[in-house]
>>> print(open('target39.txt').read())   # compact mmCIF, C-alpha atoms
# COMPACT_ATOMS: atom_id res chain seq x y z
CA ASN A 1 20.24 3.73 2.86
CA ALA A 2 18.51 1.61 0.20
CA GLY A 3 15.26 0.86 2.10
CA VAL A 4 13.23 -1.76 0.21
CA THR A 5 14.70 -3.02 -3.05
CA GLN A 6 12.81 -5.15 -5.55
CA THR A 7 14.32 -7.09 -8.43
CA PRO A 8 13.65 -7.30 -11.28
CA LYS A 9 11.87 -4.07 -12.21
CA PHE A 10 10.23 -5.53 -15.33
CA ARG A 11 9.60 -9.03 -16.60
CA VAL A 12 7.67 -10.68 -19.41
CA LEU A 13 6.73 -14.33 -19.02
CA LYS A 14 4.93 -16.82 -21.19
CA THR A 15 2.01 -18.76 -19.75
CA GLY A 16 3.29 -21.69 -17.73
CA GLN A 17 6.76 -20.29 -17.03
CA SER A 18 8.00 -19.79 -13.52
CA MET A 19 9.88 -16.97 -11.85
CA THR A 20 10.92 -15.55 -8.50
CA LEU A 21 10.65 -11.93 -7.40
CA LEU A 22 13.15 -10.83 -4.81
CA CYS A 23 12.57 -8.26 -2.09
CA ALA A 24 15.37 -7.07 0.16
CA GLN A 25 15.18 -4.59 3.04
CA ASP A 26 18.02 -3.12 5.06
CA MET A 27 15.96 -1.62 7.91
CA ASN A 28 15.90 -4.73 10.13
CA HIS A 29 12.11 -4.88 9.87
CA GLU A 30 10.30 -7.89 11.27
CA TYR A 31 7.27 -7.81 9.01
CA MET A 32 7.32 -8.11 5.23
CA TYR A 33 4.48 -8.17 2.70
CA TRP A 34 3.77 -8.83 -0.97
CA TYR A 35 0.95 -6.91 -2.62
CA ARG A 36 -0.30 -6.80 -6.17
CA GLN A 37 -1.75 -3.66 -7.71
CA ASP A 38 -4.32 -3.79 -10.48
CA PRO A 39 -6.26 -0.86 -12.00
CA GLY A 40 -9.35 0.00 -10.00
CA MET A 41 -8.63 -2.61 -7.35
CA GLY A 42 -6.10 -0.92 -5.13
CA LEU A 43 -3.48 -3.09 -3.47
CA ARG A 44 -4.34 -6.64 -2.49
CA LEU A 45 -2.26 -8.67 -0.07
CA ILE A 46 -0.81 -11.90 -1.48
CA HIS A 47 1.33 -13.25 1.37
CA TYR A 48 3.08 -11.84 4.37
CA SER A 49 5.67 -12.76 6.98
CA VAL A 50 5.96 -11.77 10.63
CA GLY A 51 9.52 -13.03 10.98
CA GLU A 52 12.31 -15.14 9.57
CA GLY A 53 11.06 -18.61 8.69
CA THR A 54 7.37 -17.72 8.91
CA THR A 55 4.86 -16.96 6.17
CA ALA A 56 1.09 -16.60 5.98
CA LYS A 57 -1.57 -16.21 3.31
CA GLY A 58 -3.16 -12.91 2.50
CA GLU A 59 -6.23 -12.03 0.49
CA VAL A 60 -5.18 -13.46 -2.91
CA PRO A 61 -2.57 -16.22 -2.32
CA ASP A 62 -3.54 -18.70 -5.04
CA GLY A 63 -0.85 -19.31 -7.64
CA TYR A 64 1.92 -17.81 -5.49
CA ASN A 65 4.40 -19.13 -2.97
CA VAL A 66 6.76 -17.26 -0.67
CA SER A 67 9.80 -17.89 1.48
CA ARG A 68 11.59 -15.91 4.17
CA LEU A 69 14.80 -17.78 4.87
CA LYS A 70 16.61 -14.61 5.95
CA LYS A 71 15.12 -11.70 7.85
CA GLN A 72 16.07 -9.19 5.20
CA ASN A 73 14.73 -11.11 2.20
CA PHE A 74 11.23 -12.08 1.13
CA LEU A 75 10.82 -14.06 -2.09
CA LEU A 76 7.65 -14.36 -4.15
CA GLY A 77 7.42 -17.28 -6.56
CA LEU A 78 5.11 -18.01 -9.45
CA GLU A 79 5.29 -21.71 -10.28
CA SER A 80 3.19 -21.64 -13.45
CA ALA A 81 2.40 -18.13 -14.60
CA ALA A 82 -1.06 -17.24 -15.94
CA PRO A 83 -2.24 -14.10 -17.77
CA SER A 84 -4.35 -13.24 -14.70
CA GLN A 85 -1.09 -12.70 -12.83
CA THR A 86 -0.17 -9.76 -15.06
CA SER A 87 0.15 -6.99 -12.51
CA VAL A 88 2.48 -4.68 -10.64
CA TYR A 89 3.90 -6.34 -7.55
CA PHE A 90 4.98 -4.37 -4.50
CA CYS A 91 6.97 -5.52 -1.55
CA ALA A 92 6.73 -3.67 1.75
CA SER A 93 8.15 -3.96 5.23
CA ARG A 94 7.49 -2.49 8.65
CA ILE A 95 8.51 -2.78 12.28
CA MET A 96 6.23 -4.61 14.70
CA GLY A 97 3.11 -2.77 15.80
CA GLY A 98 -0.14 -1.97 14.01
CA ASN A 99 0.52 1.76 13.92
CA SER A 100 3.85 1.51 12.15
CA PRO A 101 3.76 2.50 8.48
CA LEU A 102 4.70 0.30 5.57
CA HIS A 103 7.85 1.07 3.58
CA PHE A 104 7.43 0.15 -0.07
CA GLY A 105 9.74 -0.86 -2.87
CA ASN A 106 9.33 0.63 -6.33
CA GLY A 107 7.51 -2.37 -7.74
CA THR A 108 7.96 -5.09 -10.35
CA ARG A 109 5.87 -4.87 -13.50
CA LEU A 110 5.06 -8.39 -14.67
CA THR A 111 3.37 -9.24 -17.93
CA VAL A 112 2.25 -12.81 -18.69
CA THR A 113 1.43 -13.52 -22.33
CA ALA B 1 -12.90 -7.70 9.37
CA GLN B 2 -11.64 -4.32 8.29
CA SER B 3 -12.17 -2.39 5.08
CA VAL B 4 -11.96 1.06 3.56
CA THR B 5 -14.04 2.73 0.89
CA GLN B 6 -12.71 5.61 -1.16
CA LEU B 7 -15.47 7.59 -2.84
CA GLY B 8 -14.48 8.80 -6.28
CA SER B 9 -11.85 7.00 -8.29
CA HIS B 10 -10.95 10.27 -10.04
CA VAL B 11 -10.98 13.78 -8.62
CA SER B 12 -10.07 16.90 -10.59
CA VAL B 13 -9.34 20.30 -9.02
CA SER B 14 -7.91 23.59 -10.20
CA GLU B 15 -4.52 24.70 -8.97
CA GLY B 16 -5.03 26.67 -5.77
CA ALA B 17 -8.38 25.03 -4.98
CA LEU B 18 -9.25 22.88 -1.99
CA VAL B 19 -8.43 19.20 -2.25
CA LEU B 20 -10.85 16.78 -0.54
CA LEU B 21 -10.38 13.03 -0.90
CA ARG B 22 -12.88 10.86 0.92
CA CYS B 23 -12.25 7.71 2.93
CA ASN B 24 -14.66 5.73 5.08
CA TYR B 25 -13.56 2.76 7.11
CA SER B 26 -15.07 -0.26 8.71
CA SER B 27 -13.42 -1.89 11.69
CA SER B 28 -14.66 -3.85 14.67
CA VAL B 29 -12.10 -2.18 16.94
CA PRO B 30 -10.59 1.32 17.00
CA PRO B 31 -8.40 1.30 13.92
CA TYR B 32 -5.13 2.75 12.80
CA LEU B 33 -5.62 4.74 9.60
CA PHE B 34 -3.17 5.83 6.94
CA TRP B 35 -3.01 7.86 3.76
CA TYR B 36 -0.42 7.01 1.15
CA VAL B 37 0.50 8.74 -2.11
CA GLN B 38 1.80 7.07 -5.26
CA TYR B 39 3.53 8.98 -8.02
CA PRO B 40 3.83 7.38 -11.48
CA ASN B 41 6.10 4.33 -11.63
CA GLN B 42 6.92 4.51 -7.93
CA GLY B 43 5.98 2.73 -4.75
CA LEU B 44 3.64 4.18 -2.14
CA GLN B 45 4.84 6.82 0.31
CA LEU B 46 3.29 7.61 3.66
CA LEU B 47 1.46 10.95 3.81
CA LEU B 48 0.11 10.71 7.36
CA LYS B 49 -1.30 8.31 9.93
CA TYR B 50 -3.88 8.32 12.71
CA THR B 51 -3.05 6.37 15.83
CA SER B 52 -5.55 7.82 18.36
CA ALA B 53 -3.28 10.53 19.75
CA ALA B 54 -5.16 13.38 18.02
CA THR B 55 -8.16 13.41 15.69
CA LEU B 56 -6.65 16.02 13.34
CA VAL B 57 -3.48 14.68 11.80
CA LYS B 58 -1.02 16.74 9.80
CA GLY B 59 1.14 15.12 7.17
CA ILE B 60 3.72 16.01 4.59
CA ASN B 61 3.25 18.45 1.70
CA GLY B 62 0.51 20.42 3.50
CA PHE B 63 -1.99 17.56 3.70
CA GLU B 64 -4.08 16.79 6.77
CA ALA B 65 -6.85 14.40 7.70
CA GLU B 66 -9.46 14.34 10.43
CA PHE B 67 -10.62 11.18 12.16
CA LYS B 68 -14.38 11.27 12.81
CA LYS B 69 -15.52 8.23 14.71
CA SER B 70 -19.23 9.10 14.45
CA GLU B 71 -18.96 9.18 10.66
CA THR B 72 -16.34 6.41 10.40
CA SER B 73 -14.40 8.73 8.11
CA PHE B 74 -10.82 9.84 7.59
CA HIS B 75 -10.98 12.34 4.75
CA LEU B 76 -7.81 13.88 3.34
CA THR B 77 -7.66 17.62 2.68
CA LYS B 78 -5.26 20.27 1.46
CA PRO B 79 -6.27 23.96 1.38
CA SER B 80 -4.56 24.82 -1.90
CA ALA B 81 -3.71 22.29 -4.61
CA HIS B 82 -0.40 22.40 -6.42
CA MET B 83 0.45 20.82 -9.76
CA SER B 84 2.91 18.54 -7.97
CA ASP B 85 0.02 17.00 -5.96
CA ALA B 86 -1.19 15.12 -9.04
CA ALA B 87 -0.87 11.46 -8.05
CA GLU B 88 -2.89 8.51 -6.80
CA TYR B 89 -3.90 8.49 -3.15
CA PHE B 90 -4.71 5.45 -1.07
CA CYS B 91 -6.44 5.20 2.28
CA ALA B 92 -5.57 2.17 4.42
CA VAL B 93 -6.72 0.66 7.72
CA SER B 94 -4.90 -1.58 10.16
CA SER B 95 -6.40 -3.29 13.14
CA PRO B 96 -4.53 -3.72 16.44
CA GLN B 97 -5.88 -7.27 16.47
CA GLY B 98 -4.79 -10.18 14.36
CA GLY B 99 -1.43 -11.45 13.33
CA GLY B 100 0.82 -9.41 11.10
CA ASN B 101 -1.10 -6.17 11.59
CA LYS B 102 -2.09 -6.28 7.98
CA LEU B 103 -3.01 -3.09 6.16
CA THR B 104 -6.12 -3.15 4.01
CA PHE B 105 -6.10 -0.59 1.21
CA GLY B 106 -8.87 1.25 -0.56
CA THR B 107 -9.10 1.22 -4.34
CA GLY B 108 -7.41 4.59 -4.68
CA THR B 109 -8.31 8.07 -5.91
CA GLN B 110 -6.48 9.60 -8.85
CA LEU B 111 -6.04 13.33 -8.28
CA LYS B 112 -5.69 15.58 -11.29
CA VAL B 113 -4.68 19.21 -10.86
CA GLU B 114 -5.50 21.60 -13.68
CA LEU B 115 -4.21 25.09 -14.40
>>> encode(input="target39.txt", output="structure tokens")
Amino acid sequence: NAGVTQTPKFRVLKTGQSMTLLCAQDMNHEYMYWYRQDPGMGLRLIHYSVGEGTTAKGEVPDGYNVSRLKKQNFLLGLESAAPSQTSVYFCASRIMGGNSPLHFGNGTRLTVT
Amino acid sequence: AQSVTQLGSHVSVSEGALVLLRCNYSSSVPPYLFWYVQYPNQGLQLLLKYTSAATLVKGINGFEAEFKKSETSFHLTKPSAHMSDAAEYFCAVSSPQGGGNKLTFGTGTQLKVEL
């Protein structure tokens, strides 16, 4: 049982380059989320999805786009990377219901130079 | 709007001593509250959650937390710290209202356990 899998684990980009982070979950969860983690700032929500074909903005959506074409996958795209997007990115999923816990992937460490 | 505040970004205890990590929340409706733990280079793992069934919640690895509505707090405790408890701990709040049941995280508390 893989749970939540994120690829890649590490990536270095130059300013202006683009990339896509992939999140896959095998738990049939409805809800999926992308967070970024920065020192001293905890986790901040970038975008989320409450079901296949739906996405919504979180707390810090600027500079990112997402897609959820299949229920098990949630993609995070950076169209033109900036140094301010250097961070650790976490994907998470959960079943419906506010009291259900998030299941996290192991993160993608992105550095933009 | 919902938010959590974790007092103390770094806490240091001796092995065998009491662990107390503080979390205060703000929510316009009765919230769901969570504690997560993050070990180096890993994702977050659920320690415990409060969902209104009982105010004292027991979690994994000997941790527990008590929901105190009058103090809007959900502090995490463990009677006796172990070296393996060294990690970063996050408090989070979720509201029953609003789409997506988004979790809002605190800024985290790094726990150091010394011999």
>>> residues_around(input="target39.txt", residues="Phe34 (chain B)", least_positions_apart="3", cutoff="7 Å", atoms="all atoms listed in the file", output="list in words")
Leu48, Lys49, Tyr50, Cys91, Ala92 and Val93 of chain B
>>> residues_around(input="target39.txt", residues="region 13-15 of chain A", least_positions_apart="5", cutoff="7 Å", atoms="all atoms listed in the file", output="list of chain:residue names")
A:Ala81, A:Ala82, A:Pro83, A:Thr111, A:Val112, A:Thr113
>>> write_last_selection(input="target39.txt", atoms="C-alpha atoms", output="PDB file, in the coordinates of the input")
ATOM      1  CA  ALA A  81       2.400 -18.130 -14.600  1.00  0.00           C
ATOM      2  CA  ALA A  82      -1.060 -17.240 -15.940  1.00  0.00           C
ATOM      3  CA  PRO A  83      -2.240 -14.100 -17.770  1.00  0.00           C
ATOM      4  CA  THR A 111       3.370  -9.240 -17.930  1.00  0.00           C
ATOM      5  CA  VAL A 112       2.250 -12.810 -18.690  1.00  0.00           C
ATOM      6  CA  THR A 113       1.430 -13.520 -22.330  1.00  0.00           C
TER       7      THR A 113
END
>>> closest_residue(input="target39.txt", among="B:Gln42, B:Ser73, B:Lys112, B:Ala17", to="Val4 (chain B)", atoms="all atoms listed in the file")
B:Ser73
>>> atom_distance(input="target39.txt", atom1="CA of Met96 (chain A)", atom2="CA of Pro30 (chain B)")
18.0 Å
>>> interface_residues(input="target39.txt", of="chain A", to="chain B", cutoff="7 Å", atoms="only C-alpha atoms", output="MDAnalysis selection string")
chainID A and resid 31 40:43 50 97:99 104:107
